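Containing TSV, C-alpha atoms and all ligand atoms: final-v4.tsv.
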chain	number	residue	atom	x	y	z
A	987	MET	CA	194.59	-85.89	-40.79
A	988	PRO	CA	192.83	-82.70	-39.62
A	989	SER	CA	189.49	-83.29	-38.02
A	990	THR	CA	186.52	-82.11	-40.05
A	991	ASN	CA	184.48	-81.61	-36.90
A	992	ASP	CA	185.10	-81.50	-33.18
A	993	ALA	CA	183.23	-84.72	-32.37
A	994	PRO	CA	185.53	-87.50	-31.18
A	995	LEU	CA	186.27	-90.31	-33.60
A	996	LEU	CA	185.76	-92.91	-30.90
A	997	ARG	CA	183.57	-92.56	-27.85
A	998	LEU	CA	182.99	-95.07	-25.06
A	999	THR	CA	180.22	-94.34	-22.59
A	1000	GLY	CA	179.60	-96.19	-19.33
A	1001	VAL	CA	181.44	-99.30	-20.46
A	1002	THR	CA	181.60	-102.05	-17.83
A	1003	LYS	CA	182.89	-105.62	-17.92
A	1004	ALA	CA	183.08	-108.42	-15.37
A	1005	PHE	CA	184.37	-111.95	-15.72
A	1006	GLY	CA	182.23	-113.90	-13.25
A	1007	SER	CA	182.71	-112.13	-9.92
A	1008	GLN	CA	185.90	-110.42	-11.16
A	1009	THR	CA	185.27	-106.80	-12.22
A	1010	ALA	CA	187.61	-105.96	-15.10
A	1011	LEU	CA	186.19	-102.52	-16.02
A	1012	GLN	CA	184.25	-100.11	-13.80
A	1013	PRO	CA	181.83	-97.77	-15.61
A	1014	LEU	CA	184.29	-96.08	-17.92
A	1015	ASP	CA	184.09	-93.18	-20.39
A	1016	LEU	CA	186.71	-92.45	-23.02
A	1017	SER	CA	186.88	-90.16	-26.04
A	1018	VAL	CA	189.58	-90.37	-28.68
A	1019	ALA	CA	190.02	-87.62	-31.26
A	1020	ARG	CA	190.84	-88.35	-34.89
A	1021	GLY	CA	194.59	-88.50	-35.41
A	1022	ASP	CA	195.42	-89.10	-31.75
A	1023	PHE	CA	198.05	-91.53	-30.59
A	1024	LEU	CA	196.61	-92.61	-27.24
A	1025	ALA	CA	198.46	-94.80	-24.77
A	1026	LEU	CA	196.45	-96.83	-22.26
A	1027	LEU	CA	198.91	-97.10	-19.41
A	1028	GLY	CA	198.56	-99.09	-16.22
A	1029	PRO	CA	199.86	-102.03	-14.21
A	1030	SER	CA	199.24	-105.62	-15.19
A	1031	GLY	CA	195.63	-106.69	-14.59
A	1032	CYS	CA	194.13	-103.18	-14.56
A	1033	GLY	CA	191.89	-103.90	-17.58
A	1034	LYS	CA	193.87	-102.53	-20.54
A	1035	THR	CA	193.51	-105.56	-22.80
A	1036	THR	CA	189.84	-105.93	-21.87
A	1037	LEU	CA	189.23	-102.31	-22.89
A	1038	LEU	CA	191.12	-102.75	-26.17
A	1039	ARG	CA	189.19	-105.93	-27.01
A	1040	ILE	CA	185.90	-104.13	-26.37
A	1041	ILE	CA	186.96	-101.32	-28.73
A	1042	GLY	CA	187.97	-103.90	-31.34
A	1043	GLY	CA	184.70	-105.81	-30.98
A	1044	PHE	CA	186.33	-109.05	-29.77
A	1045	LEU	CA	184.53	-108.76	-26.45
A	1046	SER	CA	181.09	-107.31	-25.62
A	1047	PRO	CA	180.73	-104.90	-22.71
A	1048	ASP	CA	178.19	-105.85	-20.03
A	1049	LYS	CA	176.87	-102.29	-20.16
A	1050	GLY	CA	177.64	-99.11	-22.07
A	1051	THR	CA	178.19	-98.16	-25.70
A	1052	VAL	CA	181.02	-97.86	-28.19
A	1053	GLU	CA	180.56	-95.28	-30.94
A	1054	ILE	CA	182.70	-94.46	-33.93
A	1055	ASP	CA	182.02	-91.22	-35.81
A	1056	GLY	CA	178.76	-90.91	-33.89
A	1057	ARG	CA	177.58	-94.39	-34.94
A	1058	ASP	CA	176.80	-96.98	-32.25
A	1059	ILE	CA	178.89	-100.05	-33.06
A	1060	THR	CA	178.49	-101.86	-29.72
A	1061	ALA	CA	176.68	-104.79	-31.34
A	1062	ILE	CA	178.83	-104.92	-34.49
A	1063	GLY	CA	181.39	-107.69	-34.92
A	1064	PRO	CA	185.11	-106.99	-35.28
A	1065	GLU	CA	185.18	-107.79	-39.00
A	1066	HIS	CA	182.65	-105.04	-39.69
A	1067	ARG	CA	184.37	-102.35	-37.63
A	1068	PRO	CA	186.81	-99.89	-39.27
A	1069	ILE	CA	189.23	-100.94	-36.55
A	1070	ASN	CA	192.15	-103.33	-36.64
A	1071	MET	CA	194.16	-104.84	-33.83
A	1072	VAL	CA	197.73	-106.01	-33.40
A	1073	PHE	CA	197.52	-108.62	-30.65
A	1074	GLN	CA	199.96	-109.09	-27.82
A	1075	GLY	CA	202.39	-111.72	-29.13
A	1076	TYR	CA	201.37	-110.71	-32.70
A	1077	GLY	CA	199.07	-113.70	-33.46
A	1078	LEU	CA	200.59	-114.37	-36.90
A	1079	PHE	CA	199.39	-117.47	-38.76
A	1080	PRO	CA	202.39	-119.80	-38.42
A	1081	HIS	CA	201.67	-121.87	-41.55
A	1082	MET	CA	201.32	-118.83	-43.83
A	1083	THR	CA	204.17	-116.88	-45.40
A	1084	VAL	CA	204.71	-113.21	-44.58
A	1085	ARG	CA	202.98	-112.26	-47.85
A	1086	GLU	CA	199.99	-114.50	-47.08
A	1087	ASN	CA	199.73	-113.18	-43.55
A	1088	VAL	CA	199.72	-109.58	-44.76
A	1089	GLY	CA	197.20	-110.33	-47.54
A	1090	TYR	CA	194.88	-112.43	-45.39
A	1091	GLY	CA	192.48	-109.68	-44.29
A	1092	LEU	CA	192.02	-108.37	-47.82
A	1093	LYS	CA	191.37	-111.91	-49.08
A	1094	ILE	CA	188.74	-112.56	-46.40
A	1095	ALA	CA	187.15	-109.20	-47.21
A	1096	GLY	CA	186.71	-110.50	-50.78
A	1097	HIS	CA	189.30	-108.40	-52.62
A	1098	ALA	CA	190.41	-110.05	-55.90
A	1099	ARG	CA	194.03	-111.22	-56.13
A	1100	ASP	CA	195.03	-108.57	-58.69
A	1101	LYS	CA	193.66	-105.85	-56.38
A	1102	ARG	CA	195.31	-107.32	-53.32
A	1103	GLU	CA	198.80	-107.76	-54.64
A	1104	PRO	CA	199.78	-104.13	-55.20
A	1105	GLN	CA	198.44	-103.20	-51.75
A	1106	VAL	CA	200.31	-106.04	-50.08
A	1107	ASN	CA	203.51	-105.18	-51.95
A	1108	ALA	CA	203.26	-101.52	-50.99
A	1109	MET	CA	202.78	-102.45	-47.34
A	1110	LEU	CA	205.72	-104.90	-47.40
A	1111	GLU	CA	207.87	-102.09	-48.81
A	1112	MET	CA	206.64	-99.56	-46.29
A	1113	MET	CA	207.44	-101.87	-43.37
A	1114	HIS	CA	210.82	-102.88	-44.90
A	1115	ILE	CA	209.93	-106.57	-45.03
A	1116	ALA	CA	209.70	-107.11	-48.81
A	1117	THR	CA	212.77	-109.37	-48.77
A	1118	LEU	CA	211.10	-111.57	-46.16
A	1119	ALA	CA	207.86	-112.03	-48.14
A	1120	ASP	CA	208.23	-115.79	-48.68
A	1121	ARG	CA	209.37	-116.72	-45.18
A	1122	LEU	CA	207.21	-118.26	-42.47
A	1123	PRO	CA	206.80	-116.39	-39.14
A	1124	GLY	CA	208.95	-119.03	-37.41
A	1125	GLU	CA	211.86	-117.96	-39.60
A	1126	LEU	CA	211.72	-114.34	-38.43
A	1127	SER	CA	213.20	-112.42	-35.50
A	1128	GLY	CA	210.90	-110.81	-32.94
A	1129	GLY	CA	211.33	-107.38	-34.53
A	1130	GLN	CA	210.55	-108.76	-37.99
A	1131	GLN	CA	207.42	-110.52	-36.69
A	1132	GLN	CA	206.36	-107.22	-35.17
A	1133	ARG	CA	206.64	-105.52	-38.58
A	1134	VAL	CA	204.57	-108.27	-40.22
A	1135	ALA	CA	201.87	-107.92	-37.57
A	1136	LEU	CA	201.77	-104.15	-38.14
A	1137	ALA	CA	201.69	-104.60	-41.93
A	1138	ARG	CA	198.85	-107.11	-41.64
A	1139	ALA	CA	196.77	-104.64	-39.62
A	1140	LEU	CA	197.66	-101.48	-41.57
A	1141	VAL	CA	196.96	-102.97	-45.03
A	1142	MET	CA	193.27	-102.88	-44.06
A	1143	LYS	CA	193.51	-99.07	-43.74
A	1144	PRO	CA	191.71	-99.04	-40.39
A	1145	SER	CA	190.34	-95.78	-38.99
A	1146	VAL	CA	191.66	-96.92	-35.63
A	1147	LEU	CA	194.65	-99.18	-35.06
A	1148	LEU	CA	194.76	-100.99	-31.73
A	1149	LEU	CA	198.13	-102.20	-30.42
A	1150	ASP	CA	198.37	-104.46	-27.36
A	1151	GLU	CA	201.83	-104.18	-25.74
A	1152	PRO	CA	203.35	-104.06	-29.26
A	1153	LEU	CA	206.96	-103.76	-28.14
A	1154	ALA	CA	206.93	-105.88	-24.98
A	1155	ALA	CA	208.64	-108.89	-26.61
A	1156	LEU	CA	211.56	-106.88	-28.02
A	1157	ASP	CA	214.88	-106.14	-26.34
A	1158	LEU	CA	215.55	-102.60	-25.12
A	1159	GLN	CA	217.58	-101.44	-28.13
A	1160	LEU	CA	214.99	-102.65	-30.64
A	1161	ARG	CA	212.15	-101.31	-28.51
A	1162	LYS	CA	213.62	-97.81	-28.67
A	1163	SER	CA	214.04	-97.91	-32.45
A	1164	MET	CA	210.55	-99.41	-32.98
A	1165	GLN	CA	209.12	-96.64	-30.78
A	1166	SER	CA	210.35	-93.98	-33.15
A	1167	GLU	CA	209.23	-96.04	-36.15
A	1168	LEU	CA	205.74	-96.35	-34.71
A	1169	ARG	CA	205.65	-92.59	-34.13
A	1170	ASN	CA	206.76	-91.94	-37.72
A	1171	LEU	CA	204.24	-94.44	-39.04
A	1172	HIS	CA	201.47	-92.73	-37.14
A	1173	ARG	CA	202.55	-89.38	-38.55
A	1174	GLU	CA	202.83	-90.68	-42.14
A	1175	ILE	CA	199.51	-92.53	-42.11
A	1176	GLY	CA	197.68	-89.83	-40.19
A	1177	GLY	CA	195.50	-92.45	-38.53
A	1178	THR	CA	194.34	-92.92	-34.96
A	1179	PHE	CA	196.38	-95.31	-32.82
A	1180	ILE	CA	195.52	-96.72	-29.39
A	1181	CYS	CA	198.37	-98.53	-27.74
A	1182	VAL	CA	198.31	-100.53	-24.52
A	1183	THR	CA	201.43	-100.52	-22.37
A	1184	HIS	CA	202.47	-101.02	-18.76
A	1185	ASP	CA	205.69	-99.10	-19.42
A	1186	GLN	CA	205.49	-95.39	-18.58
A	1187	SER	CA	208.55	-94.44	-20.63
A	1188	GLU	CA	207.02	-96.14	-23.65
A	1189	ALA	CA	203.73	-94.28	-23.18
A	1190	ILE	CA	205.58	-90.96	-22.92
A	1191	GLY	CA	207.80	-91.84	-25.90
A	1192	LEU	CA	204.95	-92.81	-28.18
A	1193	ALA	CA	201.74	-91.05	-27.46
A	1194	ASN	CA	200.36	-87.52	-27.61
A	1195	ARG	CA	197.73	-88.50	-25.04
A	1196	ILE	CA	197.88	-90.91	-22.13
A	1197	ALA	CA	195.03	-92.51	-20.20
A	1198	VAL	CA	196.33	-93.90	-16.91
A	1199	MET	CA	194.34	-96.90	-15.68
A	1200	ASN	CA	194.11	-98.47	-12.25
A	1201	ALA	CA	191.80	-101.28	-11.16
A	1202	GLY	CA	189.39	-101.03	-14.10
A	1203	ARG	CA	189.19	-97.24	-14.12
A	1204	ILE	CA	190.76	-94.42	-16.08
A	1205	VAL	CA	192.23	-92.34	-13.28
A	1206	GLN	CA	193.67	-89.55	-15.43
A	1207	GLU	CA	193.71	-88.64	-19.09
A	1208	GLY	CA	195.79	-85.91	-20.70
A	1209	THR	CA	198.97	-85.04	-22.54
A	1210	PRO	CA	202.18	-86.69	-21.27
A	1211	GLU	CA	203.22	-83.29	-19.92
A	1212	ASP	CA	199.92	-82.80	-18.04
A	1213	ILE	CA	200.22	-86.17	-16.42
A	1214	TYR	CA	203.87	-85.75	-15.48
A	1215	LYS	CA	203.52	-82.20	-14.18
A	1216	ARG	CA	200.03	-82.37	-12.72
A	1217	PRO	CA	199.33	-85.94	-11.61
A	1218	ALA	CA	195.80	-86.36	-10.26
A	1219	ASN	CA	196.75	-88.53	-7.30
A	1220	THR	CA	199.58	-90.51	-5.72
A	1221	PHE	CA	198.94	-93.54	-7.94
A	1222	VAL	CA	199.54	-91.51	-11.12
A	1223	ALA	CA	202.50	-89.68	-9.57
A	1224	GLY	CA	204.10	-92.96	-8.58
A	1225	PHE	CA	203.44	-94.54	-11.97
A	1226	ILE	CA	204.77	-91.77	-14.22
A	1227	GLY	CA	208.37	-90.80	-13.71
A	1228	ASP	CA	210.36	-90.87	-10.48
A	1229	SER	CA	208.70	-89.19	-7.54
A	1230	ASN	CA	208.96	-88.61	-3.82
A	1231	ILE	CA	205.63	-89.06	-2.08
A	1232	LEU	CA	205.49	-87.70	1.47
A	1233	PRO	CA	202.37	-88.55	3.49
A	1234	LEU	CA	200.86	-85.52	5.25
A	1235	MET	CA	197.69	-84.39	6.97
A	1236	ARG	CA	195.67	-81.46	5.63
A	1237	ARG	CA	193.97	-79.55	8.43
A	1238	SER	CA	192.01	-76.31	7.92
A	1239	GLY	CA	193.55	-75.84	4.48
A	1240	VAL	CA	197.16	-76.25	5.60
A	1241	CYS	CA	199.62	-79.13	5.22
A	1242	THR	CA	202.64	-79.24	7.50
A	1243	LEU	CA	205.99	-80.78	6.59
A	1244	ALA	CA	208.57	-80.37	9.36
A	1245	SER	CA	208.49	-76.59	10.02
A	1246	ASN	CA	206.96	-75.75	6.62
A	1247	SER	CA	203.30	-74.85	6.17
A	1248	ILE	CA	201.85	-75.32	2.72
A	1249	ALA	CA	198.40	-73.98	1.83
A	1250	SER	CA	196.20	-76.58	0.19
A	1251	ASP	CA	192.51	-76.22	-0.64
A	1252	GLY	CA	190.25	-79.05	0.38
A	1253	PRO	CA	188.72	-80.86	3.31
A	1254	ASP	CA	190.75	-82.22	6.22
A	1255	ALA	CA	192.24	-85.47	4.97
A	1256	GLN	CA	195.27	-87.69	4.71
A	1257	VAL	CA	197.07	-86.38	1.62
A	1258	ALA	CA	200.59	-86.55	0.26
A	1259	MET	CA	203.12	-84.09	-1.10
A	1260	MET	CA	204.75	-85.18	-4.34
A	1261	VAL	CA	208.06	-83.66	-5.41
A	1262	ARG	CA	210.21	-84.89	-8.31
A	1263	PRO	CA	213.81	-85.88	-7.48
A	1264	THR	CA	215.13	-83.40	-10.06
A	1265	ASP	CA	213.33	-80.48	-8.38
A	1266	ILE	CA	215.11	-80.78	-5.02
A	1267	GLN	CA	218.30	-78.85	-4.14
A	1268	LEU	CA	220.79	-79.92	-1.49
A	1269	SER	CA	222.76	-77.31	0.47
A	1270	GLU	CA	225.29	-77.24	3.25
A	1271	ILE	CA	223.98	-73.95	4.69
A	1272	LYS	CA	220.28	-73.32	5.24
A	1273	PRO	CA	219.01	-71.70	2.02
A	1274	THR	CA	216.15	-69.28	1.48
A	1275	ALA	CA	213.54	-71.49	-0.13
A	1276	ASP	CA	209.78	-72.03	-0.08
A	1277	ILE	CA	210.21	-75.45	1.49
A	1278	CYS	CA	213.32	-76.50	3.38
A	1279	VAL	CA	213.84	-79.62	5.48
A	1280	PRO	CA	217.01	-80.67	7.33
A	1281	GLY	CA	218.24	-84.21	6.83
A	1282	GLN	CA	221.22	-86.44	6.36
A	1283	VAL	CA	222.73	-88.07	3.28
A	1284	ALA	CA	222.19	-91.83	3.62
A	1285	ASP	CA	223.57	-92.88	0.27
A	1286	ILE	CA	225.06	-91.57	-2.97
A	1287	VAL	CA	224.57	-93.62	-6.14
A	1288	PHE	CA	226.24	-92.98	-9.48
A	1289	MET	CA	223.46	-93.32	-12.10
A	1290	GLY	CA	225.34	-92.59	-15.34
A	1291	ASP	CA	223.76	-89.33	-16.46
A	1292	HIS	CA	223.15	-88.03	-12.91
A	1293	VAL	CA	223.89	-88.75	-9.26
A	1294	LYS	CA	221.16	-89.98	-6.95
A	1295	PHE	CA	221.30	-88.88	-3.31
A	1296	VAL	CA	219.22	-90.70	-0.74
A	1297	VAL	CA	218.40	-88.25	2.02
A	1298	VAL	CA	216.60	-89.09	5.26
A	1299	ILE	CA	214.81	-85.94	6.39
A	1300	GLU	CA	213.75	-84.79	9.83
A	1301	THR	CA	210.26	-86.32	9.48
A	1302	GLY	CA	211.82	-89.76	8.99
A	1303	ASP	CA	210.82	-89.81	5.32
A	1304	THR	CA	213.39	-90.70	2.67
A	1305	LEU	CA	213.90	-88.43	-0.33
A	1306	ALA	CA	215.50	-89.37	-3.64
A	1307	VAL	CA	217.34	-86.36	-5.09
A	1308	HIS	CA	218.83	-86.34	-8.59
A	1309	ARG	CA	221.65	-83.85	-9.20
A	1310	PRO	CA	224.16	-83.27	-12.02
A	1311	HIS	CA	227.68	-84.68	-11.51
A	1312	ALA	CA	229.22	-81.22	-11.25
A	1313	GLU	CA	227.43	-80.57	-7.96
A	1314	CYS	CA	229.07	-83.60	-6.34
A	1315	ASP	CA	232.57	-82.38	-7.10
A	1316	THR	CA	232.31	-79.49	-4.65
A	1317	GLY	CA	233.71	-81.58	-1.78
A	1318	TRP	CA	231.37	-80.81	1.10
A	1319	ILE	CA	228.81	-83.52	0.37
A	1320	GLY	CA	229.26	-87.17	1.31
A	1321	ARG	CA	227.54	-90.07	3.03
A	1322	GLY	CA	226.44	-89.21	6.57
A	1323	VAL	CA	226.72	-85.44	6.02
A	1324	PRO	CA	223.91	-83.16	7.31
A	1325	VAL	CA	222.13	-81.31	4.48
A	1326	PHE	CA	219.21	-79.05	3.81
A	1327	ALA	CA	216.82	-80.37	1.14
A	1328	SER	CA	214.82	-77.53	-0.40
A	1329	TRP	CA	212.42	-76.95	-3.23
A	1330	SER	CA	209.97	-74.44	-4.58
A	1331	ARG	CA	206.27	-74.31	-3.82
A	1332	ASN	CA	205.61	-74.63	-7.57
A	1333	ASP	CA	207.29	-78.03	-7.54
A	1334	SER	CA	205.25	-79.35	-4.60
A	1335	HIS	CA	202.03	-81.08	-5.46
A	1336	VAL	CA	199.56	-81.93	-2.72
A	1337	LEU	CA	197.72	-85.02	-3.94
A	1338	ASP	CA	194.94	-87.30	-2.80
A	1339	ARG	CA	196.27	-90.56	-1.49
A	1340	THR	CA	195.08	-93.62	-3.39
B	1	LIG	N1	188.75	-114.13	-20.17
B	1	LIG	C1	188.88	-113.81	-18.88
B	1	LIG	N2	188.33	-114.56	-17.92
B	1	LIG	C2	188.44	-114.23	-16.61
B	1	LIG	N3	189.07	-113.13	-16.16
B	1	LIG	C3	189.66	-112.35	-17.05
B	1	LIG	C4	189.61	-112.64	-18.47
B	1	LIG	N4	190.27	-111.65	-19.13
B	1	LIG	C5	190.72	-110.81	-18.17
B	1	LIG	N5	190.35	-111.21	-16.95
B	1	LIG	C6	190.64	-110.50	-15.67
B	1	LIG	O1	190.27	-109.15	-15.83
B	1	LIG	C7	191.23	-108.28	-15.27
B	1	LIG	C8	191.80	-107.34	-16.35
B	1	LIG	O2	192.55	-108.12	-17.28
B	1	LIG	P1	193.27	-107.49	-18.53
B	1	LIG	O3	192.32	-106.63	-19.26
B	1	LIG	O4	193.87	-108.61	-19.30
B	1	LIG	O5	194.42	-106.60	-17.84
B	1	LIG	P2	195.75	-105.94	-18.45
B	1	LIG	O6	195.69	-106.06	-19.93
B	1	LIG	O7	195.70	-104.53	-17.97
B	1	LIG	O8	196.89	-106.69	-17.84
B	1	LIG	C9	192.27	-109.18	-14.64
B	1	LIG	O9	191.97	-109.31	-13.28
B	1	LIG	C10	192.11	-110.48	-15.36
B	1	LIG	O10	192.51	-111.56	-14.55
B	2	MG	MG	197.05	-107.02	-21.25
Structure encoded using structure tokens:
Amino acid sequence: MPSTNDAPLLRLTGVTKAFGSQTALQPLDLSVARGDFLALLGPSGCGKTTLLRIIGGFLSPDKGTVEIDGRDITAIGPEHRPINMVFQGYGLFPHMTVRENVGYGLKIAGHARDKREPQVNAMLEMMHIATLADRLPGELSGGQQQRVALARALVMKPSVLLLDEPLAALDLQLRKSMQSELRNLHREIGGTFICVTHDQSEAIGLANRIAVMNAGRIVQEGTPEDIYKRPANTFVAGFIGDSNILPLMRRSGVCTLASNSIASDGPDAQVAMMVRPTDIQLSEIKPTADICVPGQVADIVFMGDHVKFVVVIETGDTLAVHRPHAECDTGWIGRGVPVFASWSRNDSHVLDRT
């Protein structure tokens, strides 16, 4: 749905949360635009579920405010928020049929049976679970339970749908197909989705925006492309996609890697150079390149769609290099062979170490 104004649909300001002496969220700000599919991505224990529960109203922040459409809803209970949540593990009522589970929210909200039924039926159809309507959750597969949980949340027509690790319980094959279904659903409904995941490929596959979290903070927020191509620090670089992270010193605006000098603005500090494995070339003869380091091939691993070379460079650091199969058929390269690893300045990112 196109936004009628530029104000964010959801805005969190200075939200903090501690459980006893355990800090779960540091002062945290977050804005979500109408129609966004935002992934909250971070390792286990970084505060993702806590943040989602605060947005849903299931948990109160110690400090800070939650606003929706400019209205402060911090003190408003979950049942009065235009927000619905699909819990990790789905949280279906085991003694209720699929139809009763899906209709439960409407019933509690006081909708009459004749009003409820067409809405429930439409949602069962939309989620392709109409034939399962009279079964109990215990009689369903994981993927089917997932659809029921989604139907139960979406039938309430929430302005914001919250999803906590929605695909974590599914096997890889099903996870991939549910990913594209979730994306289609988001597009069809035109709503705003916020999805928690610890899986970077899932975040990239689902969302148009990603907020990367670490230790109770949002460390970077942007499009998947922004975050992949311009990670804010070594934590983000290491979390999104494969990366080589080479520790360096920055002195007087210059970082030195072997005999290469790389200009880098900023104070003298311990930093790191990040370069993606796909951006590195390997050559037998010293090439003309922005950055070139001699090394030796320590290992060659067949990875299916590419070949991974493990190269120990002159500094003692180890580089992972991903190359197409065709480049390995040229004969000169093998385990133990000296090589030059090279890459372009544009593909080198000097990052703060975290
Ligand atoms: N109800 C609770 N009581 C005590 N500590 C909690 C509670 N909920 C979460 N925590 C702690 O807060 C931190 C963040 O937890 P959580 O938000 O569940 O992380 P995530 O969802 O990213 O794995 C963790 O250290 C966790 O142990
Ligand atoms: Mg969690």
Inset, instruction - Compile the contact shell of Asp1048 in chain A as a list in words: residues with an atom at most 8 Å away, counting only C-alpha atoms, same-chain residues fewer than 2 positions apart removed. - result: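 Once the nearby chain positions are removed, what remains is Val1001, Thr1002, Lys1003, Ala1004, Ser1046 and Gly1050 of chain A.
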Inset, instruction - Would you list the contacts of Asn1170 in chain A as a list in words, taking every protein, DNA or RNA residue within 12 Å and counting all atoms listed in the file, but skipping same-chain residues closer than 2 positions in sequence? - result: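 Non-adjacent residues within range: Phe1023, Met1112, Met1113, Ser1163, Met1164, Gln1165, Ser1166, Glu1167, Leu1168, His1172, Arg1173, Glu1174, Ile1175, Gly1176, Gly1177, Phe1179, Gly1191, Leu1192 and Ala1193 of chain A.
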Legend entry - A:Gln1012, A:Ser1145, A:Asn1230, A:Thr1036 ranked by distance to ligand MG 2 (chain B), top pick (using only C-alpha atoms and all ligand atoms):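 Of the candidates, the smallest distance to ligand MG 2 (chain B) is held by A:Thr1036.
Each of A:His1292, A:Lys1049, A:Lys1143, A:Arg1039 was checked against ligand MG 2 (chain B) using all atoms listed in the file; the smallest atom-to-atom distance is that of A:Arg1039.
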Legend entry - Distance in Å - CA of Ser1030 in chain A versus atom MG of ligand MG 2 (chain B):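 Atom MG of ligand MG 2 (chain B) lies at a distance of 6.6 Å from CA of Ser1030 in chain A.
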Inset, instruction - Show me which residues sit within 12 Å of ligand MG 2 (chain B) when counting all atoms listed in the file, and put them as number ranges by chain. - result: A: 1010, 1026-1039, 1073-1075, 1149-1152, 1154, 1181-1185, 1199
Inset, instruction - Find the distance between CA of Gly1252 in chain A and CA of Glu1207 in chain A and write it in Å to one decimal. - result: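 A separation of 22.0 Å between them.
If you measure from each of A:Val1293, A:Ala1201, A:Ile1059, A:Ala1218 to ligand LIG 1 (chain B) using all atoms listed in the file, the closest one turns out to be A:Ala1201.
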Inset, instruction - Can you pull out every residue within 7 Å of Ser1017 in chain A, counting only C-alpha atoms, but drop anything in the same chain fewer than 3 positions away, and send it as a ChimeraX atom specification? - result: /A:994,996-998
Legend entry - Selection near Pro1104 in chain A, 12 Å with all atoms listed in the file, sequence-local residues under 4 positions removed, as number ranges by chain: A: 1085, 1088-1089, 1092, 1097-1100, 1108-1111, 1141
